[in-house]
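protein-v7.pdb follows; it contains PDB, C-alpha atoms, pLDDT in the B column.
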```pdb
ATOM      1  CA  MET N   1      18.658  43.015 -37.061  1.00 96.00           C
ATOM      2  CA  LYS N   2      19.706  45.297 -34.240  1.00 98.00           C
ATOM      3  CA  ARG N   3      22.867  47.333 -33.872  1.00 98.00           C
ATOM      4  CA  ILE N   4      24.147  47.476 -30.303  1.00 98.00           C
ATOM      5  CA  GLU N   5      26.773  49.984 -29.223  1.00 98.00           C
ATOM      6  CA  ILE N   6      28.234  49.714 -25.758  1.00 98.00           C
ATOM      7  CA  ILE N   7      30.443  52.576 -24.629  1.00 97.00           C
ATOM      8  CA  ALA N   8      32.174  52.002 -21.319  1.00 96.00           C
ATOM      9  CA  ASN N   9      35.204  52.781 -19.208  1.00 95.00           C
ATOM     10  CA  HIS N  10      38.223  50.542 -19.823  1.00 95.00           C
ATOM     11  CA  SER N  11      38.019  49.435 -16.199  1.00 96.00           C
ATOM     12  CA  VAL N  12      34.999  47.209 -16.995  1.00 97.00           C
ATOM     13  CA  GLU N  13      36.083  45.927 -20.417  1.00 98.00           C
ATOM     14  CA  GLU N  14      37.382  42.544 -19.239  1.00 98.00           C
ATOM     15  CA  ASP N  15      34.378  41.957 -16.977  1.00 98.00           C
ATOM     16  CA  LEU N  16      31.928  42.812 -19.756  1.00 98.00           C
ATOM     17  CA  LEU N  17      33.599  40.633 -22.392  1.00 98.00           C
ATOM     18  CA  GLU N  18      33.823  37.739 -19.929  1.00 98.00           C
ATOM     19  CA  ALA N  19      30.136  38.049 -18.990  1.00 98.00           C
ATOM     20  CA  LEU N  20      29.095  38.094 -22.657  1.00 98.00           C
ATOM     21  CA  ALA N  21      31.251  35.036 -23.371  1.00 98.00           C
ATOM     22  CA  LEU N  22      29.802  33.143 -20.388  1.00 98.00           C
ATOM     23  CA  ALA N  23      26.299  33.925 -21.668  1.00 98.00           C
ATOM     24  CA  HIS N  24      27.324  32.705 -25.162  1.00 98.00           C
ATOM     25  CA  ILE N  25      26.178  35.949 -26.770  1.00 98.00           C
ATOM     26  CA  ALA N  26      27.839  38.723 -28.786  1.00 97.00           C
ATOM     27  CA  ARG N  27      30.371  36.265 -30.182  1.00 95.00           C
ATOM     28  CA  ASN N  28      30.817  38.397 -33.297  1.00 97.00           C
ATOM     29  CA  PHE N  29      31.652  41.982 -32.500  1.00 98.00           C
ATOM     30  CA  THR N  30      33.851  44.930 -33.327  1.00 98.00           C
ATOM     31  CA  LEU N  31      35.920  46.396 -30.517  1.00 98.00           C
ATOM     32  CA  ILE N  32      37.115  49.969 -30.862  1.00 98.00           C
ATOM     33  CA  PRO N  33      39.781  49.974 -28.156  1.00 98.00           C
ATOM     34  CA  THR N  34      40.062  53.688 -27.443  1.00 97.00           C
ATOM     35  CA  ALA N  35      37.322  56.295 -27.384  1.00 97.00           C
ATOM     36  CA  HIS N  36      37.603  59.808 -25.989  1.00 96.00           C
ATOM     37  CA  GLY N  37      34.706  62.025 -25.074  1.00 92.00           C
ATOM     38  CA  SER N  38      32.590  63.613 -22.395  1.00 90.00           C
ATOM     39  CA  GLY N  39      29.489  62.277 -20.691  1.00 87.00           C
ATOM     40  CA  ARG N  40      27.726  62.111 -17.345  1.00 85.00           C
ATOM     41  CA  GLN N  41      30.795  60.561 -15.723  1.00 82.00           C
ATOM     42  CA  GLY N  42      32.982  63.434 -16.946  1.00 85.00           C
ATOM     43  CA  ARG N  43      35.611  63.769 -19.628  1.00 90.00           C
ATOM     44  CA  LYS N  44      37.762  60.878 -20.742  1.00 90.00           C
ATOM     45  CA  THR N  45      40.522  62.039 -23.039  1.00 92.00           C
ATOM     46  CA  GLY N  46      43.518  59.897 -22.058  1.00 91.00           C
ATOM     47  CA  ASP N  47      45.663  62.885 -21.131  1.00 92.00           C
ATOM     48  CA  THR N  48      47.119  64.078 -17.833  1.00 92.00           C
ATOM     49  CA  THR N  49      44.049  66.164 -16.971  1.00 92.00           C
ATOM     50  CA  TRP N  50      41.424  63.471 -17.775  1.00 90.00           C
ATOM     51  CA  PRO N  51      43.468  60.245 -17.937  1.00 92.00           C
ATOM     52  CA  GLU N  52      40.646  57.725 -18.285  1.00 92.00           C
ATOM     53  CA  GLU N  53      39.560  56.275 -21.626  1.00 96.00           C
ATOM     54  CA  ASN N  54      36.522  54.406 -22.925  1.00 97.00           C
ATOM     55  CA  PHE N  55      36.117  51.582 -25.403  1.00 98.00           C
ATOM     56  CA  ILE N  56      33.256  50.891 -27.820  1.00 98.00           C
ATOM     57  CA  LEU N  57      31.817  47.462 -28.535  1.00 98.00           C
ATOM     58  CA  VAL N  58      29.593  47.154 -31.632  1.00 98.00           C
ATOM     59  CA  VAL N  59      27.403  44.101 -32.219  1.00 98.00           C
ATOM     60  CA  TRP N  60      24.890  43.337 -34.979  1.00 98.00           C
ATOM     61  CA  CYS N  61      22.397  40.702 -33.819  1.00 98.00           C
ATOM     62  CA  GLU N  62      18.808  39.511 -33.756  1.00 97.00           C
ATOM     63  CA  GLU N  63      16.299  41.006 -31.321  1.00 97.00           C
ATOM     64  CA  ASP N  64      16.390  38.125 -28.805  1.00 97.00           C
ATOM     65  CA  GLU N  65      20.176  38.344 -28.548  1.00 98.00           C
ATOM     66  CA  ALA N  66      19.924  42.131 -28.175  1.00 98.00           C
ATOM     67  CA  ARG N  67      17.700  41.649 -25.116  1.00 98.00           C
ATOM     68  CA  SER N  68      20.212  39.208 -23.625  1.00 98.00           C
ATOM     69  CA  ILE N  69      23.074  41.616 -24.237  1.00 98.00           C
ATOM     70  CA  ALA N  70      21.108  44.392 -22.526  1.00 98.00           C
ATOM     71  CA  GLU N  71      20.587  42.116 -19.503  1.00 98.00           C
ATOM     72  CA  VAL N  72      24.323  41.393 -19.269  1.00 98.00           C
ATOM     73  CA  VAL N  73      25.121  45.104 -19.531  1.00 98.00           C
ATOM     74  CA  ALA N  74      22.584  45.835 -16.774  1.00 98.00           C
ATOM     75  CA  SER N  75      24.285  43.290 -14.515  1.00 98.00           C
ATOM     76  CA  ILE N  76      27.692  44.878 -15.152  1.00 98.00           C
ATOM     77  CA  LYS N  77      26.233  48.326 -14.412  1.00 97.00           C
ATOM     78  CA  THR N  78      24.932  46.948 -11.093  1.00 97.00           C
ATOM     79  CA  ARG N  79      28.393  45.612 -10.222  1.00 97.00           C
ATOM     80  CA  PHE N  80      30.106  48.865 -11.205  1.00 96.00           C
ATOM     81  CA  PRO N  81      27.609  51.670 -10.480  1.00 95.00           C
ATOM     82  CA  HIS N  82      30.172  54.491 -10.619  1.00 92.00           C
ATOM     83  CA  GLU N  83      31.725  53.602 -13.978  1.00 91.00           C
ATOM     84  CA  GLY N  84      30.397  55.007 -17.206  1.00 90.00           C
ATOM     85  CA  ILE N  85      28.601  52.171 -19.037  1.00 96.00           C
ATOM     86  CA  LYS N  86      26.058  52.982 -21.735  1.00 96.00           C
ATOM     87  CA  ILE N  87      24.220  50.802 -24.223  1.00 98.00           C
ATOM     88  CA  PHE N  88      22.496  52.044 -27.358  1.00 98.00           C
ATOM     89  CA  VAL N  89      20.237  49.847 -29.488  1.00 97.00           C
ATOM     90  CA  GLN N  90      19.247  50.765 -33.029  1.00 96.00           C
ATOM     91  CA  ALA N  91      16.754  48.949 -35.201  1.00 88.00           C
TER      92      ALA N  91
END
```
Target format structure tokens, applied to this file:
Amino acid sequence: MKRIEIIANHSVEEDLLEALALAHIARNFTLIPTAHGSGRQGRKTGDTTWPEENFILVVWCEEDEARSIAEVVASIKTRFPHEGIKIFVQA
């Protein structure tokens, strides 16, 4: 089993979830709707100074599905190169 964590800007949430659904992968997931922090794309704290926010998508899956999820995330990153989109895979 693999644990996938995707942390991304809210602006790509709908596109990502739609792409995963169209690929028939990551059907069982946990969505943490609001995440604040700081990364390469800057701070996201949901306040007046840094108004943007992230979300976190967590998926437990088999290795073949993990590869497919990574491919979908890569395609979303290509479509939205200036948004913060990160994927972490743990064994």
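The nearest approach to N:Val89 among the residues N:Val72, N:Glu52, N:Pro33, N:Val58, with only C-alpha atoms taken into account, belongs to N:Val58.
Using only C-alpha atoms, the shortest contact distance between N:Glu18 and any of N:Ile76, N:Cys61, N:Ser38, N:Ile87 is found at N:Ile76.
With distances restricted to only C-alpha atoms, N:Ile4 is the closest residue to N:Gln90 from N:Ile4, N:Ala23, N:Ile69, N:Val12.
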Atom CA of N:Glu71 to atom CA of N:Pro51 measures 29.2 Å
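Relative to atom CA of N:Ala8, atom CA of N:Thr45 is found at 13.2 Å.
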Contact residues around N:Ala91 with all atoms listed in the file at 7 Å, ignoring same-chain residues under 4 positions, as a VMD selection string | chain N and resid 1 to 3
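A straight line drawn from atom CA of N:Glu5 to atom CA of N:Ala26 is 11.3 Å long.
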Distance criterion (all atoms listed in the file): nearest to N:Leu20 out of N:Asp47, N:Arg79, N:Lys86, N:Ala66 | N:Ala66
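Nearest to N:Ile56 of all the residues N:Ala70, N:Ile7, N:Ile25, N:Ala19 is N:Ile7, counting all atoms listed in the file.
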Quick one: residues within 10 Å of N:Phe80, all atoms listed in the file counted, chain neighbours fewer than 6 positions away excluded, as an MDAnalysis selection string?
-> chainID N and resid 11:12 15 74
Taking all atoms of stretch 28-45 of chain N that appear in the file, build a box with edges along x, y and z, extend it by 3 Å on every side, and state its centre and edge lengths in Å to one decimal, as AutoDock Vina command-line options.
```
--center_x 34.1 --center_y 51.1 --center_z -24.5 --size_x 18.8 --size_y 31.4 --size_z 23.6
```
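Nearest residue to N:Gly37 among N:Phe88, N:Leu57, N:Asn9, N:Leu22 is N:Asn9, counting all atoms listed in the file.
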